[in-house]
Amino acid sequence: MQDDTTYENDDVKEAIRRLPENLYNYRMFRIKRALDLTMRHQVLLKEQWTKYKEDKFYLEPYLKEVIREREEWANK
């Protein structure tokens with residue numbers, strides 16, 4: 001999931017905070033699994049890899065909303 005590796009600036013942090021609980025939990029699971037595999041010098045099994053065409057940008061709608069709100073606030 002490409003959104004899992006997005007640089008966490010203030011907008012991204014706010015978008016992550018707004019994620020529904022289930023999306024937030026899935027995100028944390030993937031990040032923890034990646035850290036665990038890295039610590040053990042292992043690679044995720046190929047059948048568990050996310051295919052590019054199946055990758056979902058779950059954070060994008062929340063991030064767009066945060067940016068829009070910040071820009072509206074700045075223009076007032």
# chains A, B, ... in the order shown; residues from 1 in each chain; ligands from 1
>>> residues_around(residues="region 61-74 of chain A", least_positions_apart="3", cutoff="12 Å", atoms="only C-alpha atoms", output="ChimeraX atom specification")
/A:3,6,8-20,23,56-58
>>> residues_around(residues="Arg30 (chain A)", least_positions_apart="5", cutoff="10 Å", atoms="only C-alpha atoms", output="list in words")
Met1, Asp4, Asn25, Leu35 and Asp36 of chain A
>>> select_by_dssp(residues="chain A", states="alpha helix (DSSP H)", output="PDB file with N, CA and C atoms, in the first residue's frame")
ATOM      1  N   ASP A  10       2.204  17.492   8.651  1.00  0.00           N
ATOM      2  CA  ASP A  10       1.040  17.792   9.486  1.00  0.00           C
ATOM      3  C   ASP A  10      -0.278  17.404   8.819  1.00  0.00           C
ATOM      4  N   ASP A  11      -0.374  17.619   7.496  1.00  0.00           N
ATOM      5  CA  ASP A  11      -1.603  17.258   6.789  1.00  0.00           C
ATOM      6  C   ASP A  11      -1.830  15.750   6.808  1.00  0.00           C
ATOM      7  N   VAL A  12      -0.787  14.999   6.572  1.00  0.00           N
ATOM      8  CA  VAL A  12      -0.906  13.535   6.560  1.00  0.00           C
ATOM      9  C   VAL A  12      -1.243  13.030   7.957  1.00  0.00           C
ATOM     10  N   LYS A  13      -0.630  13.595   8.981  1.00  0.00           N
ATOM     11  CA  LYS A  13      -0.938  13.178  10.352  1.00  0.00           C
ATOM     12  C   LYS A  13      -2.405  13.407  10.681  1.00  0.00           C
ATOM     13  N   GLU A  14      -2.948  14.536  10.238  1.00  0.00           N
ATOM     14  CA  GLU A  14      -4.366  14.825  10.471  1.00  0.00           C
ATOM     15  C   GLU A  14      -5.250  13.866   9.676  1.00  0.00           C
ATOM     16  N   ALA A  15      -4.866  13.559   8.449  1.00  0.00           N
ATOM     17  CA  ALA A  15      -5.637  12.610   7.637  1.00  0.00           C
ATOM     18  C   ALA A  15      -5.637  11.224   8.286  1.00  0.00           C
ATOM     19  N   ILE A  16      -4.498  10.811   8.830  1.00  0.00           N
ATOM     20  CA  ILE A  16      -4.410   9.518   9.523  1.00  0.00           C
ATOM     21  C   ILE A  16      -5.300   9.534  10.756  1.00  0.00           C
ATOM     22  N   ARG A  17      -5.331  10.642  11.464  1.00  0.00           N
ATOM     23  CA  ARG A  17      -6.170  10.757  12.651  1.00  0.00           C
ATOM     24  C   ARG A  17      -7.651  10.607  12.304  1.00  0.00           C
ATOM     25  N   ARG A  18      -8.030  11.033  11.101  1.00  0.00           N
ATOM     26  CA  ARG A  18      -9.429  10.980  10.669  1.00  0.00           C
ATOM     27  C   ARG A  18      -9.837   9.635  10.074  1.00  0.00           C
ATOM     28  N   GLU A  21     -11.643   3.589  12.215  1.00  0.00           N
ATOM     29  CA  GLU A  21     -10.848   2.695  13.061  1.00  0.00           C
ATOM     30  C   GLU A  21     -10.339   1.471  12.306  1.00  0.00           C
ATOM     31  N   ASN A  22     -11.180   0.877  11.468  1.00  0.00           N
ATOM     32  CA  ASN A  22     -10.734  -0.330  10.768  1.00  0.00           C
ATOM     33  C   ASN A  22      -9.594  -0.030   9.793  1.00  0.00           C
ATOM     34  N   LEU A  23      -9.653   1.078   9.061  1.00  0.00           N
ATOM     35  CA  LEU A  23      -8.554   1.434   8.151  1.00  0.00           C
ATOM     36  C   LEU A  23      -7.282   1.757   8.924  1.00  0.00           C
ATOM     37  N   TYR A  24      -7.432   2.440  10.046  1.00  0.00           N
ATOM     38  CA  TYR A  24      -6.271   2.757  10.883  1.00  0.00           C
ATOM     39  C   TYR A  24      -5.626   1.471  11.407  1.00  0.00           C
ATOM     40  N   ASN A  25      -6.452   0.520  11.854  1.00  0.00           N
ATOM     41  CA  ASN A  25      -5.921  -0.743  12.369  1.00  0.00           C
ATOM     42  C   ASN A  25      -5.223  -1.547  11.282  1.00  0.00           C
ATOM     43  N   TYR A  26      -5.789  -1.586  10.055  1.00  0.00           N
ATOM     44  CA  TYR A  26      -5.130  -2.284   8.944  1.00  0.00           C
ATOM     45  C   TYR A  26      -3.790  -1.634   8.636  1.00  0.00           C
ATOM     46  N   ARG A  27      -3.753  -0.307   8.644  1.00  0.00           N
ATOM     47  CA  ARG A  27      -2.510   0.427   8.384  1.00  0.00           C
ATOM     48  C   ARG A  27      -1.446   0.058   9.413  1.00  0.00           C
ATOM     49  N   MET A  28      -1.841   0.097  10.695  1.00  0.00           N
ATOM     50  CA  MET A  28      -0.886  -0.216  11.759  1.00  0.00           C
ATOM     51  C   MET A  28      -0.403  -1.662  11.665  1.00  0.00           C
ATOM     52  N   PHE A  29      -1.283  -2.578  11.302  1.00  0.00           N
ATOM     53  CA  PHE A  29      -0.884  -3.977  11.143  1.00  0.00           C
ATOM     54  C   PHE A  29       0.176  -4.111  10.055  1.00  0.00           C
ATOM     55  N   ARG A  30      -0.048  -3.464   8.904  1.00  0.00           N
ATOM     56  CA  ARG A  30       0.914  -3.561   7.805  1.00  0.00           C
ATOM     57  C   ARG A  30       2.262  -2.955   8.188  1.00  0.00           C
ATOM     58  N   ILE A  31       2.238  -1.822   8.882  1.00  0.00           N
ATOM     59  CA  ILE A  31       3.490  -1.166   9.286  1.00  0.00           C
ATOM     60  C   ILE A  31       4.233  -2.022  10.310  1.00  0.00           C
ATOM     61  N   LYS A  32       3.502  -2.557  11.287  1.00  0.00           N
ATOM     62  CA  LYS A  32       4.150  -3.413  12.296  1.00  0.00           C
ATOM     63  C   LYS A  32       4.711  -4.681  11.671  1.00  0.00           C
ATOM     64  N   ARG A  33       3.961  -5.256  10.721  1.00  0.00           N
ATOM     65  CA  ARG A  33       4.451  -6.466  10.051  1.00  0.00           C
ATOM     66  C   ARG A  33       5.715  -6.150   9.273  1.00  0.00           C
ATOM     67  N   ALA A  34       5.756  -5.010   8.590  1.00  0.00           N
ATOM     68  CA  ALA A  34       6.950  -4.623   7.831  1.00  0.00           C
ATOM     69  C   ALA A  34       8.147  -4.427   8.751  1.00  0.00           C
ATOM     70  N   LEU A  35       7.926  -3.777   9.897  1.00  0.00           N
ATOM     71  CA  LEU A  35       9.024  -3.581  10.858  1.00  0.00           C
ATOM     72  C   LEU A  35       9.506  -4.914  11.416  1.00  0.00           C
ATOM     73  N   ASP A  36       8.575  -5.803  11.727  1.00  0.00           N
ATOM     74  CA  ASP A  36       8.937  -7.119  12.255  1.00  0.00           C
ATOM     75  C   ASP A  36       9.757  -7.905  11.240  1.00  0.00           C
ATOM     76  N   LEU A  37       9.319  -7.919   9.994  1.00  0.00           N
ATOM     77  CA  LEU A  37      10.062  -8.633   8.953  1.00  0.00           C
ATOM     78  C   LEU A  37      11.447  -8.027   8.752  1.00  0.00           C
ATOM     79  N   THR A  38      11.525  -6.711   8.817  1.00  0.00           N
ATOM     80  CA  THR A  38      12.815  -6.037   8.669  1.00  0.00           C
ATOM     81  C   THR A  38      13.762  -6.422   9.796  1.00  0.00           C
ATOM     82  N   MET A  39      13.247  -6.440  11.017  1.00  0.00           N
ATOM     83  CA  MET A  39      14.084  -6.798  12.173  1.00  0.00           C
ATOM     84  C   MET A  39      14.594  -8.239  12.073  1.00  0.00           C
ATOM     85  N   GLU A  60      -5.942   9.006   0.552  1.00  0.00           N
ATOM     86  CA  GLU A  60      -6.102  10.138  -0.360  1.00  0.00           C
ATOM     87  C   GLU A  60      -7.367  10.977  -0.120  1.00  0.00           C
ATOM     88  N   PRO A  61      -8.561  10.380   0.031  1.00  0.00           N
ATOM     89  CA  PRO A  61      -9.744  11.234   0.244  1.00  0.00           C
ATOM     90  C   PRO A  61      -9.660  12.050   1.536  1.00  0.00           C
ATOM     91  N   TYR A  62      -9.107  11.472   2.579  1.00  0.00           N
ATOM     92  CA  TYR A  62      -8.969  12.178   3.859  1.00  0.00           C
ATOM     93  C   TYR A  62      -7.922  13.275   3.750  1.00  0.00           C
ATOM     94  N   LEU A  63      -6.847  12.997   3.029  1.00  0.00           N
ATOM     95  CA  LEU A  63      -5.792  13.984   2.847  1.00  0.00           C
ATOM     96  C   LEU A  63      -6.287  15.169   2.018  1.00  0.00           C
ATOM     97  N   LYS A  64      -7.042  14.894   0.962  1.00  0.00           N
ATOM     98  CA  LYS A  64      -7.603  15.977   0.143  1.00  0.00           C
ATOM     99  C   LYS A  64      -8.514  16.864   0.981  1.00  0.00           C
ATOM    100  N   GLU A  65      -9.305  16.244   1.840  1.00  0.00           N
ATOM    101  CA  GLU A  65     -10.214  17.011   2.705  1.00  0.00           C
ATOM    102  C   GLU A  65      -9.435  17.905   3.664  1.00  0.00           C
ATOM    103  N   VAL A  66      -8.376  17.366   4.263  1.00  0.00           N
ATOM    104  CA  VAL A  66      -7.547  18.139   5.196  1.00  0.00           C
ATOM    105  C   VAL A  66      -6.902  19.318   4.475  1.00  0.00           C
ATOM    106  N   ILE A  67      -6.353  19.092   3.298  1.00  0.00           N
ATOM    107  CA  ILE A  67      -5.697  20.156   2.535  1.00  0.00           C
ATOM    108  C   ILE A  67      -6.709  21.226   2.136  1.00  0.00           C
ATOM    109  N   ARG A  68      -7.890  20.796   1.679  1.00  0.00           N
ATOM    110  CA  ARG A  68      -8.936  21.754   1.303  1.00  0.00           C
ATOM    111  C   ARG A  68      -9.335  22.616   2.494  1.00  0.00           C
ATOM    112  N   GLU A  69      -9.525  21.982   3.648  1.00  0.00           N
ATOM    113  CA  GLU A  69      -9.898  22.739   4.853  1.00  0.00           C
ATOM    114  C   GLU A  69      -8.798  23.712   5.266  1.00  0.00           C
ATOM    115  N   ARG A  70      -7.541  23.273   5.188  1.00  0.00           N
ATOM    116  CA  ARG A  70      -6.425  24.151   5.560  1.00  0.00           C
ATOM    117  C   ARG A  70      -6.338  25.344   4.610  1.00  0.00           C
ATOM    118  N   GLU A  71      -6.526  25.105   3.308  1.00  0.00           N
ATOM    119  CA  GLU A  71      -6.474  26.193   2.343  1.00  0.00           C
ATOM    120  C   GLU A  71      -7.642  27.161   2.537  1.00  0.00           C
ATOM    121  N   GLU A  72      -8.828  26.642   2.841  1.00  0.00           N
ATOM    122  CA  GLU A  72      -9.973  27.508   3.114  1.00  0.00           C
ATOM    123  C   GLU A  72      -9.708  28.371   4.337  1.00  0.00           C
ATOM    124  N   TRP A  73      -9.147  27.764   5.364  1.00  0.00           N
ATOM    125  CA  TRP A  73      -8.856  28.489   6.598  1.00  0.00           C
ATOM    126  C   TRP A  73      -7.808  29.572   6.354  1.00  0.00           C
ATOM    127  N   ALA A  74      -6.802  29.267   5.520  1.00  0.00           N
ATOM    128  CA  ALA A  74      -5.737  30.221   5.234  1.00  0.00           C
ATOM    129  C   ALA A  74      -6.248  31.397   4.402  1.00  0.00           C
TER     130      ALA A  74
END
>>> atom_distance(atom1="CA of Gln2 (chain A)", atom2="CA of Leu44 (chain A)")
15.8 Å
